[in-house]
>>> print(open('input-v1.cif').read())   # mmCIF, N, CA, C and O atoms and all ligand atoms
data_protein
loop_
_atom_site.label_atom_id
_atom_site.label_comp_id
_atom_site.auth_asym_id
_atom_site.auth_seq_id
_atom_site.Cartn_x
_atom_site.Cartn_y
_atom_site.Cartn_z
N MET A 1 0.84 -1.20 0.00
CA MET A 1 0.00 0.00 0.00
C MET A 1 0.87 1.25 0.00
O MET A 1 1.90 1.31 0.67
N GLY A 2 0.49 2.24 -0.77
CA GLY A 2 1.26 3.47 -0.81
C GLY A 2 0.33 4.67 -0.81
O GLY A 2 -0.88 4.54 -0.66
N THR A 3 0.93 5.84 -0.98
CA THR A 3 0.16 7.07 -1.03
C THR A 3 0.27 7.68 -2.42
O THR A 3 1.36 7.74 -2.98
N LEU A 4 -0.84 8.11 -2.95
CA LEU A 4 -0.83 8.73 -4.26
C LEU A 4 -0.21 10.12 -4.17
O LEU A 4 -0.59 10.93 -3.33
N MET A 5 0.79 10.37 -5.03
CA MET A 5 1.53 11.62 -5.00
C MET A 5 1.36 12.35 -6.33
O MET A 5 1.20 11.72 -7.37
N ILE A 6 1.44 13.66 -6.28
CA ILE A 6 1.47 14.45 -7.52
C ILE A 6 2.64 15.41 -7.44
O ILE A 6 3.19 15.66 -6.36
N ARG A 7 3.03 15.95 -8.58
CA ARG A 7 4.10 16.93 -8.64
C ARG A 7 3.47 18.31 -8.73
O ARG A 7 2.65 18.58 -9.60
N CYS A 8 3.85 19.20 -7.82
CA CYS A 8 3.33 20.56 -7.87
C CYS A 8 3.85 21.25 -9.12
O CYS A 8 5.06 21.29 -9.35
N PRO A 9 2.98 21.77 -9.98
CA PRO A 9 3.41 22.40 -11.23
C PRO A 9 4.17 23.71 -11.02
O PRO A 9 4.88 24.17 -11.90
N GLU A 10 4.02 24.32 -9.86
CA GLU A 10 4.66 25.61 -9.60
C GLU A 10 6.03 25.44 -8.95
O GLU A 10 6.98 26.13 -9.31
N THR A 11 6.14 24.54 -7.97
CA THR A 11 7.39 24.39 -7.24
C THR A 11 8.14 23.12 -7.62
O THR A 11 9.31 22.96 -7.28
N GLY A 12 7.47 22.18 -8.31
CA GLY A 12 8.12 20.93 -8.68
C GLY A 12 8.28 19.96 -7.53
O GLY A 12 8.94 18.94 -7.65
N ARG A 13 7.65 20.29 -6.40
CA ARG A 13 7.79 19.42 -5.23
C ARG A 13 6.69 18.37 -5.22
O ARG A 13 5.63 18.55 -5.79
N ALA A 14 7.00 17.25 -4.55
CA ALA A 14 6.02 16.16 -4.44
C ALA A 14 4.98 16.53 -3.39
O ALA A 14 5.32 16.99 -2.30
N VAL A 15 3.72 16.35 -3.74
CA VAL A 15 2.63 16.67 -2.83
C VAL A 15 1.81 15.41 -2.61
O VAL A 15 1.40 14.76 -3.58
N SER A 16 1.57 15.07 -1.37
CA SER A 16 0.74 13.91 -1.06
C SER A 16 -0.72 14.25 -1.25
O SER A 16 -1.19 15.31 -0.84
N THR A 17 -1.46 13.35 -1.89
CA THR A 17 -2.90 13.56 -2.07
C THR A 17 -3.69 12.97 -0.90
O THR A 17 -4.90 13.12 -0.86
N ASP A 18 -2.99 12.29 0.01
CA ASP A 18 -3.66 11.61 1.13
C ASP A 18 -4.58 10.50 0.66
O ASP A 18 -5.46 10.07 1.39
N ILE A 19 -4.37 10.05 -0.58
CA ILE A 19 -5.14 8.92 -1.09
C ILE A 19 -4.27 7.67 -0.97
O ILE A 19 -3.17 7.63 -1.53
N SER A 20 -4.74 6.69 -0.22
CA SER A 20 -4.00 5.45 -0.06
C SER A 20 -4.44 4.46 -1.14
O SER A 20 -5.64 4.20 -1.30
N VAL A 21 -3.47 3.94 -1.86
CA VAL A 21 -3.79 3.02 -2.95
C VAL A 21 -2.58 2.13 -3.21
O VAL A 21 -1.44 2.54 -2.97
N SER A 22 -2.82 0.92 -3.68
CA SER A 22 -1.70 0.06 -4.04
C SER A 22 -1.30 0.35 -5.48
O SER A 22 -2.10 0.87 -6.27
N ARG A 23 -0.06 0.02 -5.82
CA ARG A 23 0.40 0.25 -7.20
C ARG A 23 -0.50 -0.51 -8.18
O ARG A 23 -0.82 -0.02 -9.26
N GLU A 24 -0.90 -1.71 -7.79
CA GLU A 24 -1.72 -2.54 -8.68
C GLU A 24 -3.08 -1.90 -8.92
O GLU A 24 -3.57 -1.83 -10.05
N ALA A 25 -3.69 -1.40 -7.85
CA ALA A 25 -5.02 -0.79 -7.98
C ALA A 25 -4.93 0.49 -8.79
O ALA A 25 -5.80 0.76 -9.63
N PHE A 26 -3.87 1.26 -8.59
CA PHE A 26 -3.71 2.51 -9.32
C PHE A 26 -3.52 2.24 -10.81
O PHE A 26 -4.09 2.92 -11.67
N ALA A 27 -2.72 1.22 -11.13
CA ALA A 27 -2.46 0.88 -12.52
C ALA A 27 -3.72 0.42 -13.23
O ALA A 27 -3.86 0.57 -14.44
N ALA A 28 -4.66 -0.13 -12.46
CA ALA A 28 -5.90 -0.65 -13.04
C ALA A 28 -6.98 0.41 -13.14
O ALA A 28 -8.03 0.18 -13.71
N MET A 29 -6.72 1.59 -12.57
CA MET A 29 -7.73 2.65 -12.59
C MET A 29 -7.88 3.25 -13.98
O MET A 29 -6.90 3.39 -14.71
N PRO A 30 -9.09 3.62 -14.35
CA PRO A 30 -9.27 4.34 -15.61
C PRO A 30 -8.72 5.76 -15.46
O PRO A 30 -8.44 6.22 -14.35
N VAL A 31 -8.54 6.44 -16.57
CA VAL A 31 -8.04 7.82 -16.53
C VAL A 31 -9.04 8.70 -15.78
O VAL A 31 -10.25 8.61 -15.98
N PHE A 32 -8.52 9.52 -14.91
CA PHE A 32 -9.40 10.41 -14.16
C PHE A 32 -8.59 11.64 -13.77
O PHE A 32 -7.37 11.67 -13.92
N PHE A 33 -9.26 12.65 -13.30
CA PHE A 33 -8.52 13.77 -12.75
C PHE A 33 -9.13 14.16 -11.42
O PHE A 33 -10.26 13.82 -11.11
N SER A 34 -8.33 14.83 -10.63
CA SER A 34 -8.77 15.20 -9.30
C SER A 34 -8.15 16.54 -8.94
O SER A 34 -7.51 17.19 -9.76
N ARG A 35 -8.32 16.91 -7.70
CA ARG A 35 -7.89 18.22 -7.25
C ARG A 35 -7.30 18.01 -5.85
O ARG A 35 -7.92 17.36 -5.02
N THR A 36 -6.14 18.54 -5.63
CA THR A 36 -5.49 18.36 -4.33
C THR A 36 -4.96 19.70 -3.83
O THR A 36 -4.38 20.47 -4.60
N PHE A 37 -5.16 19.96 -2.57
CA PHE A 37 -4.65 21.20 -1.98
C PHE A 37 -3.14 21.11 -1.85
O PHE A 37 -2.60 20.14 -1.31
N CYS A 38 -2.43 22.10 -2.36
CA CYS A 38 -0.98 22.13 -2.32
C CYS A 38 -0.52 22.99 -1.14
O CYS A 38 -0.85 24.18 -1.08
N PRO A 39 0.23 22.40 -0.21
CA PRO A 39 0.67 23.15 0.96
C PRO A 39 1.74 24.19 0.63
O PRO A 39 1.99 25.10 1.41
N TYR A 40 2.38 24.06 -0.55
CA TYR A 40 3.44 25.00 -0.91
C TYR A 40 2.86 26.26 -1.54
O TYR A 40 3.31 27.37 -1.27
N CYS A 41 1.86 26.07 -2.42
CA CYS A 41 1.24 27.21 -3.10
C CYS A 41 0.00 27.70 -2.36
O CYS A 41 -0.50 28.79 -2.64
N ARG A 42 -0.50 26.88 -1.46
CA ARG A 42 -1.74 27.19 -0.74
C ARG A 42 -2.92 27.39 -1.67
O ARG A 42 -3.78 28.23 -1.44
N VAL A 43 -2.91 26.62 -2.74
CA VAL A 43 -4.07 26.57 -3.64
C VAL A 43 -4.30 25.11 -4.02
O VAL A 43 -3.45 24.26 -3.78
N SER A 44 -5.43 24.84 -4.65
CA SER A 44 -5.71 23.49 -5.11
C SER A 44 -5.24 23.34 -6.55
O SER A 44 -5.55 24.18 -7.39
N HIS A 45 -4.47 22.28 -6.83
CA HIS A 45 -4.04 21.99 -8.19
C HIS A 45 -4.92 20.90 -8.76
O HIS A 45 -5.21 19.93 -8.07
N GLU A 46 -5.28 21.04 -10.02
CA GLU A 46 -5.96 19.95 -10.71
C GLU A 46 -4.90 19.08 -11.34
O GLU A 46 -3.89 19.56 -11.84
N TRP A 47 -5.12 17.78 -11.32
CA TRP A 47 -4.12 16.86 -11.87
C TRP A 47 -4.81 15.66 -12.49
O TRP A 47 -5.93 15.30 -12.13
N PHE A 48 -4.11 15.05 -13.43
CA PHE A 48 -4.61 13.84 -14.08
C PHE A 48 -3.87 12.63 -13.53
O PHE A 48 -2.74 12.75 -13.03
N ALA A 49 -4.52 11.50 -13.65
CA ALA A 49 -3.93 10.26 -13.13
C ALA A 49 -2.55 10.01 -13.74
O ALA A 49 -1.66 9.49 -13.08
N LYS A 50 -2.36 10.42 -15.00
CA LYS A 50 -1.06 10.17 -15.64
C LYS A 50 0.06 10.98 -14.98
O LYS A 50 1.23 10.68 -15.16
N ASP A 51 -0.29 12.03 -14.26
CA ASP A 51 0.71 12.86 -13.59
C ASP A 51 1.00 12.37 -12.17
O ASP A 51 1.88 12.90 -11.50
N ALA A 52 0.24 11.42 -11.72
CA ALA A 52 0.37 10.95 -10.34
C ALA A 52 1.14 9.64 -10.28
O ALA A 52 1.27 8.93 -11.27
N TRP A 53 1.67 9.34 -9.10
CA TRP A 53 2.36 8.07 -8.90
C TRP A 53 2.14 7.63 -7.46
O TRP A 53 1.78 8.43 -6.60
N VAL A 54 2.38 6.33 -7.25
CA VAL A 54 2.19 5.77 -5.92
C VAL A 54 3.53 5.72 -5.21
O VAL A 54 4.49 5.14 -5.72
N ALA A 55 3.61 6.36 -4.06
CA ALA A 55 4.84 6.35 -3.28
C ALA A 55 4.65 5.47 -2.05
O ALA A 55 3.68 5.64 -1.32
N GLU A 56 5.56 4.54 -1.86
CA GLU A 56 5.53 3.76 -0.63
C GLU A 56 5.93 4.68 0.51
O GLU A 56 6.53 5.74 0.29
N ALA A 57 5.61 4.29 1.73
CA ALA A 57 5.84 5.15 2.90
C ALA A 57 7.30 5.60 2.99
O ALA A 57 7.58 6.75 3.27
N VAL A 58 8.24 4.70 2.73
CA VAL A 58 9.66 5.02 2.84
C VAL A 58 10.04 6.10 1.83
O VAL A 58 10.76 7.02 2.14
N THR A 59 9.51 5.96 0.61
CA THR A 59 9.81 6.93 -0.44
C THR A 59 9.31 8.32 -0.05
O THR A 59 9.96 9.32 -0.29
N THR A 60 8.14 8.36 0.58
CA THR A 60 7.56 9.63 0.98
C THR A 60 8.47 10.34 1.97
O THR A 60 8.71 11.54 1.86
N VAL A 61 9.03 9.60 2.91
CA VAL A 61 9.93 10.19 3.90
C VAL A 61 11.16 10.76 3.21
O VAL A 61 11.61 11.84 3.53
N ARG A 62 11.69 10.01 2.23
CA ARG A 62 12.86 10.49 1.50
C ARG A 62 12.55 11.80 0.79
O ARG A 62 13.36 12.70 0.77
N GLU A 63 11.36 11.90 0.20
CA GLU A 63 10.97 13.12 -0.48
C GLU A 63 10.94 14.29 0.49
O GLU A 63 11.42 15.37 0.19
N GLN A 64 10.41 14.07 1.66
CA GLN A 64 10.24 15.14 2.62
C GLN A 64 11.57 15.60 3.19
O GLN A 64 11.74 16.76 3.50
N THR A 65 12.52 14.69 3.34
CA THR A 65 13.80 15.06 3.90
C THR A 65 14.77 15.51 2.81
O THR A 65 15.85 16.01 3.11
N GLY A 66 14.38 15.34 1.54
CA GLY A 66 15.22 15.76 0.44
C GLY A 66 16.36 14.79 0.17
O GLY A 66 17.22 15.06 -0.65
N ARG A 67 16.38 13.67 0.85
CA ARG A 67 17.42 12.67 0.64
C ARG A 67 16.99 11.69 -0.43
O ARG A 67 15.86 11.24 -0.42
N ARG A 68 17.85 11.36 -1.32
CA ARG A 68 17.49 10.41 -2.36
C ARG A 68 18.50 9.28 -2.41
O ARG A 68 19.70 9.52 -2.31
N VAL A 69 17.99 8.10 -2.57
CA VAL A 69 18.85 6.94 -2.71
C VAL A 69 18.72 6.43 -4.13
O VAL A 69 17.66 6.03 -4.56
N ALA A 70 19.78 6.53 -4.88
CA ALA A 70 19.73 6.15 -6.30
C ALA A 70 19.65 4.64 -6.45
O ALA A 70 20.21 3.93 -5.65
ZN ZN A 101 1.69 23.87 -5.78
#
>>> encode(input="input-v1.cif", output="structure tokens", more="lines below")
Ligand SMILES: [Zn+2]
Amino acid sequence: MGTLMIRCPETGRAVSTDISVSREAFAAMPVFFSRTFCPYCRVSHEWFAKDAWVAEAVTTVREQTGRRVA
């Protein structure tokens, strides 16, 4: 199980949508779009499923701390 993430179009930072989904379930979803409040811009961004990805909990922590493991 992971968290659905989007990329903020203004800051390029990863934003959690607070939607919990497995990679398998997300891959099986039809195309859709949604709206998520961005804590960096303090506005809601509209996004399409193709722009989103599923981040496992560990990956989310790495994003927040800015540390990346190649
Ligand atoms: Zn934003």
>>> closest_atom_pairs(input="input-v1.cif", of="chain A", to="ligand ZN 101 (chain A)", cutoff="6 Å", atoms="only N, CA, C and O atoms and all ligand atoms", output="CSV")
residue,atom,partner,partner_atom,distance
A:Cys8,CA,A:ZN101,ZN,4.2
A:Pro9,N,A:ZN101,ZN,4.9
A:Glu10,N,A:ZN101,ZN,4.7
A:Thr11,N,A:ZN101,ZN,5.0
A:Cys38,CA,A:ZN101,ZN,4.7
A:Pro39,N,A:ZN101,ZN,5.9
A:Tyr40,C,A:ZN101,ZN,5.0
A:Cys41,N,A:ZN101,ZN,4.0
A:Arg42,N,A:ZN101,ZN,5.7
A:Val43,O,A:ZN101,ZN,5.5
>>> select_by_dssp(input="input-v1.cif", residues="region 3-53 of chain A", states="strand (DSSP E)", output="PyMOL selection string")
chain A and resi 3-7+14-21+33-38+43-48+53
>>> atom_distance(input="input-v1.cif", atom1="atom C of Thr3 (chain A)", atom2="atom O of Glu46 (chain A)")
15.7 Å
>>> residues_around(input="input-v1.cif", residues="Val31 (chain A)", least_positions_apart="2", cutoff="7 Å", atoms="all atoms listed in the file", output="ChimeraX atom specification")
/A:28-29,33,48-50
>>> write_last_selection(input="input-v1.cif", atoms="N, CA, C and O atoms", output="short mmCIF file (atom, residue, chain, number, x, y, z; two decimals), in the coordinates of the input")
data_model
loop_
_atom_site.label_atom_id
_atom_site.label_comp_id
_atom_site.auth_asym_id
_atom_site.auth_seq_id
_atom_site.Cartn_x
_atom_site.Cartn_y
_atom_site.Cartn_z
N ALA A 28 -4.66 -0.13 -12.46
CA ALA A 28 -5.90 -0.65 -13.04
C ALA A 28 -6.98 0.41 -13.14
O ALA A 28 -8.03 0.18 -13.71
N MET A 29 -6.72 1.59 -12.57
CA MET A 29 -7.73 2.65 -12.59
C MET A 29 -7.88 3.25 -13.98
O MET A 29 -6.90 3.39 -14.71
N PHE A 33 -9.26 12.65 -13.30
CA PHE A 33 -8.52 13.77 -12.75
C PHE A 33 -9.13 14.16 -11.42
O PHE A 33 -10.26 13.82 -11.11
N PHE A 48 -4.11 15.05 -13.43
CA PHE A 48 -4.61 13.84 -14.08
C PHE A 48 -3.87 12.63 -13.53
O PHE A 48 -2.74 12.75 -13.03
N ALA A 49 -4.52 11.50 -13.65
CA ALA A 49 -3.93 10.26 -13.13
C ALA A 49 -2.55 10.01 -13.74
O ALA A 49 -1.66 9.49 -13.08
N LYS A 50 -2.36 10.42 -15.00
CA LYS A 50 -1.06 10.17 -15.64
C LYS A 50 0.06 10.98 -14.98
O LYS A 50 1.23 10.68 -15.16
#
>>> closest_residue(input="input-v1.cif", among="A:Val54, A:Thr36, A:His45, A:Arg7", to="Glu24 (chain A)", atoms="only C-alpha atoms")
A:Val54
>>> atom_distance(input="input-v1.cif", atom1="CA of Asp18 (chain A)", atom2="CA of Trp47 (chain A)")
14.0 Å
>>> axis_aligned_box(input="input-v1.cif", around="region 11-30 of chain A", padding_each_side="3 Å", output="JSON")
{"center_x": 0.0, "center_y": 11.0, "center_z": -7.1, "size_x": 24.6, "size_y": 33.1, "size_z": 23.0}
>>> closest_residue(input="input-v1.cif", among="A:Ile6, A:Thr17, A:Met1, A:Phe37", to="Ala52 (chain A)", atoms="only C-alpha atoms")
A:Ile6
>>> atom_distance(input="input-v1.cif", atom1="CA of Ser16 (chain A)", atom2="CA of Phe32 (chain A)")
16.9 Å
>>> select_by_dssp(input="input-v1.cif", residues="chain A", states="helix (DSSP H, G or I)", output="VMD selection string")
chain A and resid 23 to 28 49 to 51 57 to 65
>>> closest_residue(input="input-v1.cif", among="A:Trp53, A:Ser44, A:Pro30, A:Arg35", to="Met5 (chain A)", atoms="only C-alpha atoms")
A:Trp53
>>> build_atoms(input="input-v1.cif", residues="region 37-48 of chain A", atoms="all heavy atoms", output="JSON list (two decimals), in the coordinates of the input")
[["chain", "number", "residue", "atom", "x", "y", "z"],
["A", 37, "PHE", "N", -5.16, 19.96, -2.57],
["A", 37, "PHE", "CA", -4.65, 21.20, -1.98],
["A", 37, "PHE", "C", -3.14, 21.11, -1.85],
["A", 37, "PHE", "O", -2.60, 20.14, -1.31],
["A", 37, "PHE", "CB", -5.28, 21.44, -0.61],
["A", 37, "PHE", "CG", -4.79, 22.72, 0.03],
["A", 37, "PHE", "CD1", -5.28, 23.95, -0.39],
["A", 37, "PHE", "CD2", -3.84, 22.69, 1.03],
["A", 37, "PHE", "CE1", -4.83, 25.12, 0.19],
["A", 37, "PHE", "CE2", -3.37, 23.87, 1.62],
["A", 37, "PHE", "CZ", -3.87, 25.08, 1.19],
["A", 38, "CYS", "N", -2.43, 22.10, -2.36],
["A", 38, "CYS", "CA", -0.98, 22.13, -2.32],
["A", 38, "CYS", "C", -0.52, 22.99, -1.14],
["A", 38, "CYS", "O", -0.85, 24.18, -1.08],
["A", 38, "CYS", "CB", -0.44, 22.70, -3.63],
["A", 38, "CYS", "SG", 1.34, 22.92, -3.62],
["A", 39, "PRO", "N", 0.23, 22.40, -0.21],
["A", 39, "PRO", "CA", 0.67, 23.15, 0.96],
["A", 39, "PRO", "C", 1.74, 24.19, 0.63],
["A", 39, "PRO", "O", 1.99, 25.10, 1.41],
["A", 39, "PRO", "CB", 1.24, 22.07, 1.89],
["A", 39, "PRO", "CG", 1.65, 20.97, 0.96],
["A", 39, "PRO", "CD", 0.65, 21.00, -0.17],
["A", 40, "TYR", "N", 2.38, 24.06, -0.55],
["A", 40, "TYR", "CA", 3.44, 25.00, -0.91],
["A", 40, "TYR", "C", 2.86, 26.26, -1.54],
["A", 40, "TYR", "O", 3.31, 27.37, -1.27],
["A", 40, "TYR", "CB", 4.44, 24.33, -1.86],
["A", 40, "TYR", "CG", 4.99, 23.04, -1.31],
["A", 40, "TYR", "CD1", 4.68, 21.82, -1.91],
["A", 40, "TYR", "CD2", 5.79, 23.05, -0.17],
["A", 40, "TYR", "CE1", 5.17, 20.63, -1.39],
["A", 40, "TYR", "CE2", 6.28, 21.87, 0.36],
["A", 40, "TYR", "CZ", 5.97, 20.67, -0.25],
["A", 40, "TYR", "OH", 6.44, 19.50, 0.26],
["A", 41, "CYS", "N", 1.86, 26.07, -2.42],
["A", 41, "CYS", "CA", 1.24, 27.21, -3.10],
["A", 41, "CYS", "C", 0.00, 27.70, -2.36],
["A", 41, "CYS", "O", -0.50, 28.79, -2.64],
["A", 41, "CYS", "CB", 0.84, 26.82, -4.52],
["A", 41, "CYS", "SG", 2.18, 26.13, -5.50],
["A", 42, "ARG", "N", -0.50, 26.88, -1.46],
["A", 42, "ARG", "CA", -1.74, 27.19, -0.74],
["A", 42, "ARG", "C", -2.92, 27.39, -1.67],
["A", 42, "ARG", "O", -3.78, 28.23, -1.44],
["A", 42, "ARG", "CB", -1.54, 28.41, 0.16],
["A", 42, "ARG", "CG", -0.47, 28.17, 1.22],
["A", 42, "ARG", "CD", -0.37, 29.32, 2.20],
["A", 42, "ARG", "NE", 0.70, 29.08, 3.17],
["A", 42, "ARG", "CZ", 0.58, 28.27, 4.23],
["A", 42, "ARG", "NH1", -0.55, 27.66, 4.47],
["A", 42, "ARG", "NH2", 1.60, 28.10, 5.03],
["A", 43, "VAL", "N", -2.91, 26.62, -2.74],
["A", 43, "VAL", "CA", -4.07, 26.57, -3.64],
["A", 43, "VAL", "C", -4.30, 25.11, -4.02],
["A", 43, "VAL", "O", -3.45, 24.26, -3.78],
["A", 43, "VAL", "CB", -3.85, 27.40, -4.93],
["A", 43, "VAL", "CG1", -3.69, 28.87, -4.60],
["A", 43, "VAL", "CG2", -2.67, 26.87, -5.71],
["A", 44, "SER", "N", -5.43, 24.84, -4.65],
["A", 44, "SER", "CA", -5.71, 23.49, -5.11],
["A", 44, "SER", "C", -5.24, 23.34, -6.55],
["A", 44, "SER", "O", -5.55, 24.18, -7.39],
["A", 44, "SER", "CB", -7.20, 23.18, -5.01],
["A", 44, "SER", "OG", -7.58, 23.09, -3.65],
["A", 45, "HIS", "N", -4.47, 22.28, -6.83],
["A", 45, "HIS", "CA", -4.04, 21.99, -8.19],
["A", 45, "HIS", "C", -4.92, 20.90, -8.76],
["A", 45, "HIS", "O", -5.21, 19.93, -8.07],
["A", 45, "HIS", "CB", -2.59, 21.50, -8.22],
["A", 45, "HIS", "CG", -1.59, 22.53, -7.78],
["A", 45, "HIS", "ND1", -1.56, 23.80, -8.29],
["A", 45, "HIS", "CD2", -0.57, 22.46, -6.89],
["A", 45, "HIS", "CE1", -0.57, 24.47, -7.73],
["A", 45, "HIS", "NE2", 0.04, 23.68, -6.86],
["A", 46, "GLU", "N", -5.28, 21.04, -10.02],
["A", 46, "GLU", "CA", -5.96, 19.95, -10.71],
["A", 46, "GLU", "C", -4.90, 19.08, -11.34],
["A", 46, "GLU", "O", -3.89, 19.56, -11.84],
["A", 46, "GLU", "CB", -6.91, 20.50, -11.77],
["A", 46, "GLU", "CG", -8.11, 21.20, -11.16],
["A", 46, "GLU", "CD", -9.08, 21.66, -12.24],
["A", 46, "GLU", "OE1", -8.76, 21.52, -13.43],
["A", 46, "GLU", "OE2", -10.15, 22.18, -11.87],
["A", 47, "TRP", "N", -5.12, 17.78, -11.32],
["A", 47, "TRP", "CA", -4.12, 16.86, -11.87],
["A", 47, "TRP", "C", -4.81, 15.66, -12.49],
["A", 47, "TRP", "O", -5.93, 15.30, -12.13],
["A", 47, "TRP", "CB", -3.14, 16.42, -10.79],
["A", 47, "TRP", "CG", -3.80, 15.87, -9.55],
["A", 47, "TRP", "CD1", -4.18, 16.59, -8.45],
["A", 47, "TRP", "CD2", -4.15, 14.51, -9.28],
["A", 47, "TRP", "NE1", -4.75, 15.75, -7.53],
["A", 47, "TRP", "CE2", -4.74, 14.47, -8.01],
["A", 47, "TRP", "CE3", -4.00, 13.32, -10.01],
["A", 47, "TRP", "CZ2", -5.21, 13.28, -7.44],
["A", 47, "TRP", "CZ3", -4.46, 12.14, -9.44],
["A", 47, "TRP", "CH2", -5.05, 12.13, -8.16],
["A", 48, "PHE", "N", -4.11, 15.05, -13.43],
["A", 48, "PHE", "CA", -4.61, 13.84, -14.08],
["A", 48, "PHE", "C", -3.87, 12.63, -13.53],
["A", 48, "PHE", "O", -2.74, 12.75, -13.03],
["A", 48, "PHE", "CB", -4.39, 13.92, -15.59],
["A", 48, "PHE", "CG", -5.34, 14.88, -16.26],
["A", 48, "PHE", "CD1", -5.02, 16.23, -16.36],
["A", 48, "PHE", "CD2", -6.55, 14.43, -16.77],
["A", 48, "PHE", "CE1", -5.89, 17.12, -16.98],
["A", 48, "PHE", "CE2", -7.42, 15.32, -17.38],
["A", 48, "PHE", "CZ", -7.10, 16.66, -17.48]]
